[in-house]
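A.B. asks: Compact mmCIF, C-alpha atoms, file start_22.txt:
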# COMPACT_ATOMS: atom_id res chain seq x y z
CA MET A 1 -0.25 -8.45 28.43
CA ASN A 2 -1.23 -8.22 24.75
CA PRO A 3 -2.40 -11.33 22.80
CA THR A 4 1.00 -11.87 21.16
CA LYS A 5 2.89 -11.79 24.45
CA LYS A 6 0.26 -13.97 26.10
CA ILE A 7 0.56 -16.74 23.49
CA LEU A 8 4.38 -16.52 23.48
CA ASP A 9 4.45 -16.85 27.27
CA SER A 10 2.22 -19.93 26.98
CA MET A 11 4.42 -21.49 24.27
CA LEU A 12 7.60 -20.89 26.26
CA LYS A 13 6.08 -22.87 29.16
CA GLU A 14 4.20 -25.50 27.16
CA ASN A 15 4.65 -29.08 28.31
CA THR A 16 6.14 -30.77 25.25
CA GLY A 17 6.22 -34.18 26.88
CA THR A 18 8.96 -36.60 27.85
CA HIS A 19 10.76 -39.49 26.23
CA PHE A 20 13.08 -42.03 27.84
CA LEU A 21 15.67 -41.41 25.08
CA ASP A 22 15.75 -37.58 25.31
CA SER A 23 18.22 -37.32 28.27
CA GLY A 24 15.73 -35.08 30.04
CA GLY A 25 15.74 -37.32 33.09
CA THR A 26 19.41 -36.41 33.58
CA TYR A 27 19.67 -32.83 32.31
CA GLY A 28 16.09 -31.61 32.61
CA ARG A 29 13.83 -30.32 29.87
CA VAL A 30 13.47 -26.67 28.87
CA TRP A 31 9.74 -26.55 29.60
CA GLU A 32 10.32 -27.89 33.11
CA LYS A 33 12.75 -25.05 33.86
CA THR A 34 10.44 -22.25 32.68
CA GLN A 35 7.41 -22.97 34.86
CA GLY A 36 6.51 -19.88 36.92
CA LYS A 37 9.02 -17.72 35.05
CA ASN A 38 8.13 -14.09 34.21
CA PHE A 39 9.70 -13.47 30.81
CA GLU A 40 8.94 -9.75 31.06
CA ASP A 41 11.78 -9.57 33.59
CA ASP A 42 14.35 -10.88 31.08
CA LYS A 43 16.85 -8.48 29.54
CA GLU A 44 16.03 -7.96 25.87
CA GLU A 45 19.69 -8.34 24.92
CA SER A 46 22.82 -9.10 26.89
CA LEU A 47 26.53 -9.19 26.16
CA ARG A 48 29.01 -11.21 28.17
CA LEU A 49 32.75 -11.02 27.69
CA GLU A 50 35.37 -13.33 29.14
CA ARG A 51 39.10 -13.83 28.96
CA ASN A 52 39.99 -17.24 27.57
CA GLY A 53 43.58 -18.68 27.87
CA LYS A 54 46.38 -16.47 26.49
CA ASN A 55 44.17 -13.39 26.97
CA LYS A 56 41.85 -14.32 24.08
CA LEU A 57 38.52 -12.51 24.09
CA GLY A 58 35.35 -14.58 24.37
CA ILE A 59 32.13 -12.88 23.21
CA GLU A 60 28.63 -14.10 24.02
CA VAL A 61 25.56 -12.18 22.80
CA THR A 62 22.07 -13.33 23.79
CA PHE A 63 18.63 -12.16 22.67
CA SER A 64 15.59 -12.93 24.81
CA THR A 65 13.40 -15.07 22.54
CA TYR A 66 10.30 -13.73 24.29
CA HIS A 67 11.12 -10.05 23.77
CA PHE A 68 12.51 -10.58 20.26
CA LEU A 69 9.42 -12.39 18.99
CA ALA A 70 7.08 -9.95 20.75
CA LYS A 71 8.67 -7.13 18.73
CA THR A 72 8.76 -8.89 15.38
CA LEU A 73 5.59 -10.99 15.25
CA GLU A 74 1.85 -10.48 15.75
CA TYR A 75 -0.40 -13.35 16.76
CA ALA A 76 -3.10 -14.21 14.19
CA PRO A 77 -6.01 -15.71 16.22
CA LYS A 78 -8.48 -15.99 13.30
CA LEU A 79 -6.03 -18.00 11.21
CA GLN A 80 -5.16 -20.06 14.27
CA LYS A 81 -8.82 -21.03 14.75
CA GLU A 82 -8.97 -22.16 11.11
CA PHE A 83 -5.86 -24.28 11.55
CA ASP A 84 -7.10 -25.76 14.82
CA ARG A 85 -10.38 -26.78 13.20
CA LEU A 86 -8.45 -28.46 10.39
CA SER A 87 -6.13 -30.33 12.76
CA LYS A 88 -9.05 -31.60 14.89
CA ARG A 89 -10.88 -33.25 12.03
CA GLN A 90 -11.18 -36.98 12.61
CA GLU A 91 -9.16 -37.85 9.50
CA ASN A 92 -6.32 -35.55 10.63
CA LEU A 93 -5.90 -36.64 14.25
CA SER A 94 -2.97 -38.94 13.43
CA GLN A 95 -1.27 -36.57 10.97
CA ASP A 96 1.95 -34.74 11.79
CA TRP A 97 2.25 -30.97 11.91
CA CYS A 98 4.14 -30.68 8.61
CA PHE A 99 1.33 -32.44 6.77
CA LEU A 100 -1.32 -30.25 8.40
CA ILE A 101 0.56 -27.04 7.60
CA GLU A 102 0.79 -28.09 3.96
CA GLU A 103 -2.92 -28.96 3.89
CA PHE A 104 -3.79 -25.59 5.42
CA CYS A 105 -1.83 -23.76 2.72
CA LYS A 106 -3.41 -25.84 -0.05
CA LEU A 107 -6.91 -24.99 1.18
CA LYS A 108 -6.13 -21.27 1.34
CA ILE A 109 -4.03 -21.37 -1.86
CA TRP A 110 -1.12 -19.83 0.06
CA LYS A 111 2.53 -20.45 -0.71
CA ILE A 112 5.05 -22.14 1.57
CA LYS A 113 8.22 -20.07 1.28
CA GLY A 114 10.49 -22.23 3.43
CA ARG A 115 11.11 -24.09 6.69
CA GLU A 116 13.91 -23.47 9.15
CA ASN A 117 15.22 -24.73 12.47
CA THR A 118 17.37 -22.08 14.17
CA TYR A 119 19.59 -24.82 15.62
CA ASN A 120 21.06 -25.16 12.13
CA PHE A 121 22.43 -21.62 11.71
CA ASP A 122 24.10 -18.78 13.63
CA ASN A 123 21.69 -16.70 15.73
CA PHE A 124 21.52 -15.06 19.15
CA LEU A 125 18.17 -16.35 20.46
CA ASP A 126 18.12 -18.16 23.79
CA ARG A 127 15.59 -20.74 22.54
CA VAL A 128 15.47 -22.92 19.43
CA LEU A 129 12.72 -22.11 16.90
CA LEU A 130 11.18 -24.35 14.27
CA TYR A 131 9.15 -22.35 11.77
CA THR A 132 7.47 -22.46 8.36
CA VAL A 133 7.14 -19.22 6.41
CA ILE A 134 3.95 -18.85 4.35
CA GLU A 135 2.69 -16.08 2.06
CA ASN A 136 -0.86 -15.05 1.17
CA GLU A 137 -2.19 -13.65 -2.13
CA GLU A 138 -1.27 -10.09 -1.14
CA GLY A 139 2.35 -11.05 -0.45
CA GLU A 140 1.98 -10.76 3.34
CA LYS A 141 4.15 -13.22 5.22
CA TYR A 142 3.11 -15.33 8.19
CA ILE A 143 4.82 -18.12 10.06
CA PHE A 144 3.80 -21.31 11.76
CA LEU A 145 5.99 -21.11 14.86
CA GLN A 146 7.07 -23.94 17.16
CA LEU A 147 9.42 -23.53 20.12
CA HIS A 148 11.74 -26.23 21.41
CA GLY A 149 10.82 -27.20 24.94
CA GLY A 150 12.48 -30.58 25.28
CA CYS A 151 16.03 -31.69 26.00
CA ASP A 152 17.27 -33.21 22.73
CA VAL A 153 16.77 -30.68 19.92
CA ARG A 154 15.49 -33.41 17.61
CA GLY A 155 12.18 -33.50 19.47
CA GLY A 156 10.06 -31.77 22.09
CA TYR A 157 8.50 -28.90 20.10
CA THR A 158 5.32 -27.00 20.89
CA ALA A 159 2.16 -27.16 18.79
CA PRO A 160 2.38 -24.63 15.92
CA LYS A 161 0.90 -21.18 16.31
CA ILE A 162 0.37 -18.68 13.47
CA PHE A 163 1.86 -15.19 13.56
CA LYS A 164 2.10 -12.37 11.06
CA ILE A 165 5.69 -11.24 10.40
CA LEU A 166 5.98 -7.52 11.10
CA GLU A 167 8.15 -5.66 8.61
CA ASP A 168 7.84 -2.07 9.86
CA GLY A 169 9.72 -2.13 13.17
CA ASN A 170 13.31 -1.26 14.04
CA THR A 171 13.94 -4.96 14.69
CA ARG A 172 12.75 -7.54 12.15
CA PHE A 173 12.24 -11.28 12.52
CA TRP A 174 15.14 -11.89 10.13
CA ASP A 175 17.52 -9.95 12.43
CA MET A 176 17.99 -12.84 14.86
CA SER A 177 21.53 -13.29 13.51
CA THR A 178 22.38 -9.57 13.46
CA ALA A 179 24.13 -7.68 16.25
CA SER A 180 26.50 -4.79 16.77
CA ILE A 181 28.80 -3.86 19.63
CA SER A 182 30.02 -0.36 20.44
CA CYS A 183 32.77 0.78 22.76
CA THR A 184 31.37 2.60 25.82
CA LYS A 185 34.41 4.87 26.02
CA ASP A 186 34.54 5.86 22.35
CA ARG A 187 31.40 5.34 20.25
CA ASN A 188 33.53 5.59 17.09
CA HIS A 189 34.56 1.98 17.75
CA ASN A 190 31.81 -0.29 16.40
CA TRP A 191 31.74 -3.90 15.27
CA LEU A 192 29.09 -5.86 13.36
CA TYR A 193 28.63 -9.61 13.56
CA ALA A 194 29.67 -11.20 10.27
CA GLY A 195 28.97 -14.84 11.13
CA GLU A 196 31.12 -17.77 12.25
CA GLY A 197 32.30 -15.93 15.35
CA GLU A 198 33.75 -12.94 13.48
CA TRP A 199 33.03 -9.33 14.49
CA TRP A 200 34.01 -6.92 11.72
CA VAL A 201 34.68 -3.22 12.08
CA ASP A 202 31.51 -1.33 11.13
CA GLY A 203 31.66 -0.64 7.40
CA GLY A 204 33.52 -3.70 6.19
CA SER A 205 36.15 -6.35 6.86
CA VAL A 206 39.07 -3.89 6.89
CA GLY A 207 40.33 -3.22 10.41
CA LYS A 208 40.94 -5.25 13.53
CA HIS A 209 38.22 -7.79 14.34
CA LEU A 210 36.82 -7.51 17.84
CA GLU A 211 37.64 -11.13 18.68
CA ASP A 212 41.30 -10.44 17.84
CA TYR A 213 41.76 -7.87 20.62
CA GLU A 214 43.67 -8.84 23.73
CA ALA A 215 41.39 -9.23 26.75
CA VAL A 216 42.56 -7.86 30.11
CA GLU A 217 41.06 -7.63 33.61
CA ASP A 218 43.48 -5.03 34.99
CA SER A 219 41.88 -1.57 34.88
CA LYS A 220 45.37 -0.04 34.43
CA GLU A 221 45.40 -1.54 30.94
CA ARG A 222 42.25 0.36 29.99
CA GLY A 223 42.65 2.59 26.96
CA LYS A 224 45.77 0.81 25.65
CA GLY A 225 44.22 -0.82 22.61
CA LYS A 226 42.88 -3.77 24.58
CA VAL A 227 39.45 -4.90 25.77
CA TYR A 228 39.03 -4.34 29.49
CA ILE A 229 36.61 -6.73 31.22
CA SER A 230 35.34 -5.80 34.66
CA LYS A 231 34.06 -8.35 37.17
CA ASN A 232 30.55 -7.48 36.03
CA ASP A 233 31.39 -8.11 32.38
CA PHE A 234 28.12 -7.17 30.70
CA LEU A 235 27.22 -4.61 28.07
CA ASP A 236 27.14 -1.61 30.40
CA THR A 237 30.72 -2.22 31.54
CA PHE A 238 32.27 -3.08 28.19
CA SER A 239 35.06 -0.81 26.98
CA ALA A 240 37.77 -0.99 24.35
CA ALA A 241 40.05 1.60 22.80
The structure in this file should be written as structure tokens.
C.D. replies:
Amino acid sequence: MNPTKKILDSMLKENTGTHFLDSGGTYGRVWEKTQGKNFEDDKEESLRLERNGKNKLGIEVTFSTYHFLAKTLEYAPKLQKEFDRLSKRQENLSQDWCFLIEEFCKLKIWKIKGRENTYNFDNFLDRVLLYTVIENEEGEKYIFLQLHGGCDVRGGYTAPKIFKILEDGNTRFWDMSTASISCTKDRNHNWLYAGEGEWWVDGGSVGKHLEDYEAVEDSKERGKGKVYISKNDFLDTFSAA
């Protein structure tokens, strides 16, 4: 396991604590459910289809957070050691992570480009991320990454770790909200996710949206301009025509 995967595995299992107001005693906390889990066994992406009342098509796409981040980020251990030394100074022991991240960037004269919580926008990751994007003098981008491991999304985040954002792969960090679906029977049928639950025909908004197709579970209806969903309704069994 390379250093990036090793630190991601650790973060995904990190004990982020408990709080009597976080509902974790009733529903469980994410970090409690991931102990002993081998994230290498997770599918990188999965698609689940279902037929909702009146034959409406339900579409659920999921990206494995572990695999997605392993492809789009690279752990930066030297920078992490610098940040850890800063956070362990006596005068900083009671400071929050936001303050320490800002102090780190001031000392290095790096720019903070923005902060995001993935809970606040459309994406396909199976875990919530909290991250701060920073940029060095050469224009290279890094992030301070925290993963949600609690119950209530308002709290229960891991300690921040620093990663370099990779820009040269087929999948980029910014692609967490991007997905496409192709028909297994006819690859000329493709849809791209356009946000807010809408799947547009590849190439623009003209054409029938995927979510507007009638969903059927009778194989005799296959090939009649409907979406056929088998009992094992995942990506490898999806077909529409």
A.B. asks: Can you check which parts of stretch 101-191 of chain A lie within 12 Å of stretch 41-49 of chain A? Per residue, the shortest pair of atoms and distance in Å to one decimal, counting all atoms listed in the file, sorted by chain and number, as a Markdown table.
C.D. replies:
| residue | atom | partner | partner_atom | distance |
| --- | --- | --- | --- | --- |
| A:Phe124 | CA | A:Glu45 | CA | 9.0 |
| A:Leu125 | CA | A:Glu45 | CA | 9.3 |
| A:Asp126 | CA | A:Glu45 | CA | 10.0 |
| A:Thr171 | CA | A:Glu44 | CA | 11.8 |
| A:Met176 | CA | A:Glu45 | CA | 11.2 |
| A:Thr178 | CA | A:Glu45 | CA | 11.8 |
| A:Ala179 | CA | A:Glu45 | CA | 9.8 |
| A:Ser180 | CA | A:Leu47 | CA | 10.4 |
| A:Ile181 | CA | A:Leu47 | CA | 8.7 |
| A:Ser182 | CA | A:Leu47 | CA | 11.1 |
A.B. asks: Just the selected residues (C-alpha atoms), exported as a CSV table (one decimal), in the coordinates of the input, please.
C.D. replies:
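Result written to part-v3.csv:
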chain,number,residue,atom,x,y,z
A,124,PHE,CA,21.5,-15.1,19.2
A,125,LEU,CA,18.2,-16.4,20.5
A,126,ASP,CA,18.1,-18.2,23.8
A,171,THR,CA,13.9,-5.0,14.7
A,176,MET,CA,18.0,-12.8,14.9
A,178,THR,CA,22.4,-9.6,13.5
A,179,ALA,CA,24.1,-7.7,16.2
A,180,SER,CA,26.5,-4.8,16.8
A,181,ILE,CA,28.8,-3.9,19.6
A,182,SER,CA,30.0,-0.4,20.4
A.B. asks: May I have the residues at most 8 Å from (11.5, -10.8, 12.5) in the file's coordinates, counting all atoms listed in the file, as a list in words?
C.D. replies: Phe68, Leu69, Lys71, Thr72, Leu73, Ile165, Leu166, Glu167, Thr171, Arg172, Phe173, Trp174, Asp175 and Met176 of chain A
A.B. asks: List the neighbours of stretch 135-150 of chain A out to 7 Å using all atoms listed in the file; skip same-chain residues closer than 6 positions along the sequence, and give me the result as a PDB file with C-alpha atoms, in the frame of the given file.
C.D. replies:
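Listed below is the output, result07.pdb:
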ATOM      1  CA  MET A  11       4.420 -21.490  24.270  1.00  0.00           C
ATOM      2  CA  LEU A  12       7.600 -20.890  26.260  1.00  0.00           C
ATOM      3  CA  THR A  16       6.140 -30.770  25.250  1.00  0.00           C
ATOM      4  CA  ARG A  29      13.830 -30.320  29.870  1.00  0.00           C
ATOM      5  CA  VAL A  30      13.470 -26.670  28.870  1.00  0.00           C
ATOM      6  CA  TRP A  31       9.740 -26.550  29.600  1.00  0.00           C
ATOM      7  CA  TRP A 110      -1.120 -19.830   0.060  1.00  0.00           C
ATOM      8  CA  LYS A 111       2.530 -20.450  -0.710  1.00  0.00           C
ATOM      9  CA  ILE A 112       5.050 -22.140   1.570  1.00  0.00           C
ATOM     10  CA  LYS A 113       8.220 -20.070   1.280  1.00  0.00           C
ATOM     11  CA  ARG A 127      15.590 -20.740  22.540  1.00  0.00           C
ATOM     12  CA  VAL A 128      15.470 -22.920  19.430  1.00  0.00           C
ATOM     13  CA  LEU A 129      12.720 -22.110  16.900  1.00  0.00           C
ATOM     14  CA  GLY A 156      10.060 -31.770  22.090  1.00  0.00           C
ATOM     15  CA  TYR A 157       8.500 -28.900  20.100  1.00  0.00           C
ATOM     16  CA  THR A 158       5.320 -27.000  20.890  1.00  0.00           C
ATOM     17  CA  ALA A 159       2.160 -27.160  18.790  1.00  0.00           C
ATOM     18  CA  PRO A 160       2.380 -24.630  15.920  1.00  0.00           C
ATOM     19  CA  LYS A 161       0.900 -21.180  16.310  1.00  0.00           C
ATOM     20  CA  ILE A 162       0.370 -18.680  13.470  1.00  0.00           C
ATOM     21  CA  PHE A 163       1.860 -15.190  13.560  1.00  0.00           C
ATOM     22  CA  LYS A 164       2.100 -12.370  11.060  1.00  0.00           C
ATOM     23  CA  ILE A 165       5.690 -11.240  10.400  1.00  0.00           C
TER      24      ILE A 165
END
A.B. asks: Do you have the atom CA of A:Gly223-atom CA of A:Gly58 distance handy?
C.D. replies: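 Spanning atom CA of A:Gly223 to atom CA of A:Gly58 is a straight-line distance of 18.8 Å.
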A.B. asks: Which of these residues is nearest to A:Phe104, using only C-alpha atoms: A:Ser64, A:Pro3, A:Asp218, A:Gln80?
C.D. replies: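 Nearest to A:Phe104: A:Gln80.
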A.B. asks: Work out how far atom CA of A:Ile229 is from atom CA of A:His209, in Å to one decimal.
C.D. replies: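 Going from atom CA of A:His209 over to atom CA of A:Ile229 covers 17.0 Å.
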A.B. asks: Which is closest to A:Ala70 among A:Leu100, A:Leu93, A:Leu8, A:Leu210, if we use all atoms listed in the file?
C.D. replies: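 The answer is A:Leu8, which sits nearest to A:Ala70.
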A.B. asks: Which residues, written as a count of residues only, have at least one atom at most 12 Å from A:Met1, with all atoms listed in the file counted and residues fewer than 3 positions away on the same chain left out?
C.D. replies: 11
A.B. asks: Quick one: residues within 12 Å of A:Glu196, all atoms listed in the file, excluding same-chain residues fewer than 4 positions away - as a PyMOL selection string?
C.D. replies: chain A and resi 121-123+177+200+211
A.B. asks: When you count only C-alpha atoms, which of these residues is closest to A:Glu214: A:Val227, A:Glu50, A:Asp202, A:Lys33?
C.D. replies: A:Val227
A.B. asks: One decimal, Å: what's the distance from atom CA of A:Trp97 over to atom CA of A:Gly36, could you say?
C.D. replies: 27.7 Å
A.B. asks: Since the input is missing atoms, can you rebuild N, CA and C atoms for stretch 186-206 of chain A and write them as a PDB file, keeping the file's coordinate frame?
C.D. replies:
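For reference, out_19.pdb as written:
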ATOM      1  N   ASP A 186      34.444   5.126  23.604  1.00  0.00           N
ATOM      2  CA  ASP A 186      34.540   5.860  22.350  1.00  0.00           C
ATOM      3  C   ASP A 186      33.580   5.233  21.354  1.00  0.00           C
ATOM      4  N   ARG A 187      32.443   5.903  21.116  1.00  0.00           N
ATOM      5  CA  ARG A 187      31.400   5.340  20.250  1.00  0.00           C
ATOM      6  C   ARG A 187      31.835   5.246  18.792  1.00  0.00           C
ATOM      7  N   ASN A 188      33.022   5.731  18.459  1.00  0.00           N
ATOM      8  CA  ASN A 188      33.530   5.590  17.090  1.00  0.00           C
ATOM      9  C   ASN A 188      34.019   4.166  16.827  1.00  0.00           C
ATOM     10  N   HIS A 189      34.133   3.365  17.893  1.00  0.00           N
ATOM     11  CA  HIS A 189      34.560   1.980  17.750  1.00  0.00           C
ATOM     12  C   HIS A 189      33.316   1.093  17.720  1.00  0.00           C
ATOM     13  N   ASN A 190      32.996   0.557  16.557  1.00  0.00           N
ATOM     14  CA  ASN A 190      31.810  -0.290  16.400  1.00  0.00           C
ATOM     15  C   ASN A 190      32.170  -1.540  15.612  1.00  0.00           C
ATOM     16  N   TRP A 191      31.534  -2.641  15.976  1.00  0.00           N
ATOM     17  CA  TRP A 191      31.740  -3.900  15.270  1.00  0.00           C
ATOM     18  C   TRP A 191      30.382  -4.532  14.943  1.00  0.00           C
ATOM     19  N   LEU A 192      30.293  -5.160  13.790  1.00  0.00           N
ATOM     20  CA  LEU A 192      29.090  -5.860  13.360  1.00  0.00           C
ATOM     21  C   LEU A 192      29.389  -7.345  13.251  1.00  0.00           C
ATOM     22  N   TYR A 193      28.412  -8.177  13.650  1.00  0.00           N
ATOM     23  CA  TYR A 193      28.630  -9.610  13.560  1.00  0.00           C
ATOM     24  C   TYR A 193      28.557 -10.063  12.112  1.00  0.00           C
ATOM     25  N   ALA A 194      29.586 -10.774  11.678  1.00  0.00           N
ATOM     26  CA  ALA A 194      29.670 -11.200  10.270  1.00  0.00           C
ATOM     27  C   ALA A 194      29.478 -12.699  10.109  1.00  0.00           C
ATOM     28  N   GLY A 195      29.160 -13.402  11.199  1.00  0.00           N
ATOM     29  CA  GLY A 195      28.970 -14.840  11.130  1.00  0.00           C
ATOM     30  C   GLY A 195      30.223 -15.612  11.501  1.00  0.00           C
ATOM     31  N   GLU A 196      30.019 -16.866  11.902  1.00  0.00           N
ATOM     32  CA  GLU A 196      31.120 -17.770  12.250  1.00  0.00           C
ATOM     33  C   GLU A 196      32.059 -17.188  13.290  1.00  0.00           C
ATOM     34  N   GLY A 197      31.508 -16.453  14.247  1.00  0.00           N
ATOM     35  CA  GLY A 197      32.300 -15.930  15.350  1.00  0.00           C
ATOM     36  C   GLY A 197      33.120 -14.705  15.048  1.00  0.00           C
ATOM     37  N   GLU A 198      32.945 -14.106  13.872  1.00  0.00           N
ATOM     38  CA  GLU A 198      33.750 -12.940  13.480  1.00  0.00           C
ATOM     39  C   GLU A 198      32.957 -11.645  13.650  1.00  0.00           C
ATOM     40  N   TRP A 199      33.604 -10.670  14.308  1.00  0.00           N
ATOM     41  CA  TRP A 199      33.030  -9.330  14.490  1.00  0.00           C
ATOM     42  C   TRP A 199      33.856  -8.338  13.701  1.00  0.00           C
ATOM     43  N   TRP A 200      33.297  -7.840  12.601  1.00  0.00           N
ATOM     44  CA  TRP A 200      34.010  -6.920  11.720  1.00  0.00           C
ATOM     45  C   TRP A 200      33.795  -5.471  12.141  1.00  0.00           C
ATOM     46  N   VAL A 201      34.811  -4.655  11.865  1.00  0.00           N
ATOM     47  CA  VAL A 201      34.680  -3.220  12.080  1.00  0.00           C
ATOM     48  C   VAL A 201      33.516  -2.713  11.239  1.00  0.00           C
ATOM     49  N   ASP A 202      32.673  -1.867  11.837  1.00  0.00           N
ATOM     50  CA  ASP A 202      31.510  -1.330  11.130  1.00  0.00           C
ATOM     51  C   ASP A 202      31.938  -0.714   9.804  1.00  0.00           C
ATOM     52  N   GLY A 203      31.351  -1.183   8.717  1.00  0.00           N
ATOM     53  CA  GLY A 203      31.660  -0.640   7.400  1.00  0.00           C
ATOM     54  C   GLY A 203      32.406  -1.608   6.510  1.00  0.00           C
ATOM     55  N   GLY A 204      32.833  -2.736   7.049  1.00  0.00           N
ATOM     56  CA  GLY A 204      33.520  -3.700   6.190  1.00  0.00           C
ATOM     57  C   GLY A 204      34.487  -4.572   6.957  1.00  0.00           C
ATOM     58  N   SER A 205      35.232  -5.399   6.236  1.00  0.00           N
ATOM     59  CA  SER A 205      36.150  -6.350   6.860  1.00  0.00           C
ATOM     60  C   SER A 205      37.521  -5.756   7.139  1.00  0.00           C
ATOM     61  N   VAL A 206      37.770  -4.522   6.669  1.00  0.00           N
ATOM     62  CA  VAL A 206      39.070  -3.890   6.890  1.00  0.00           C
ATOM     63  C   VAL A 206      39.125  -3.358   8.324  1.00  0.00           C
TER      64      VAL A 206
END
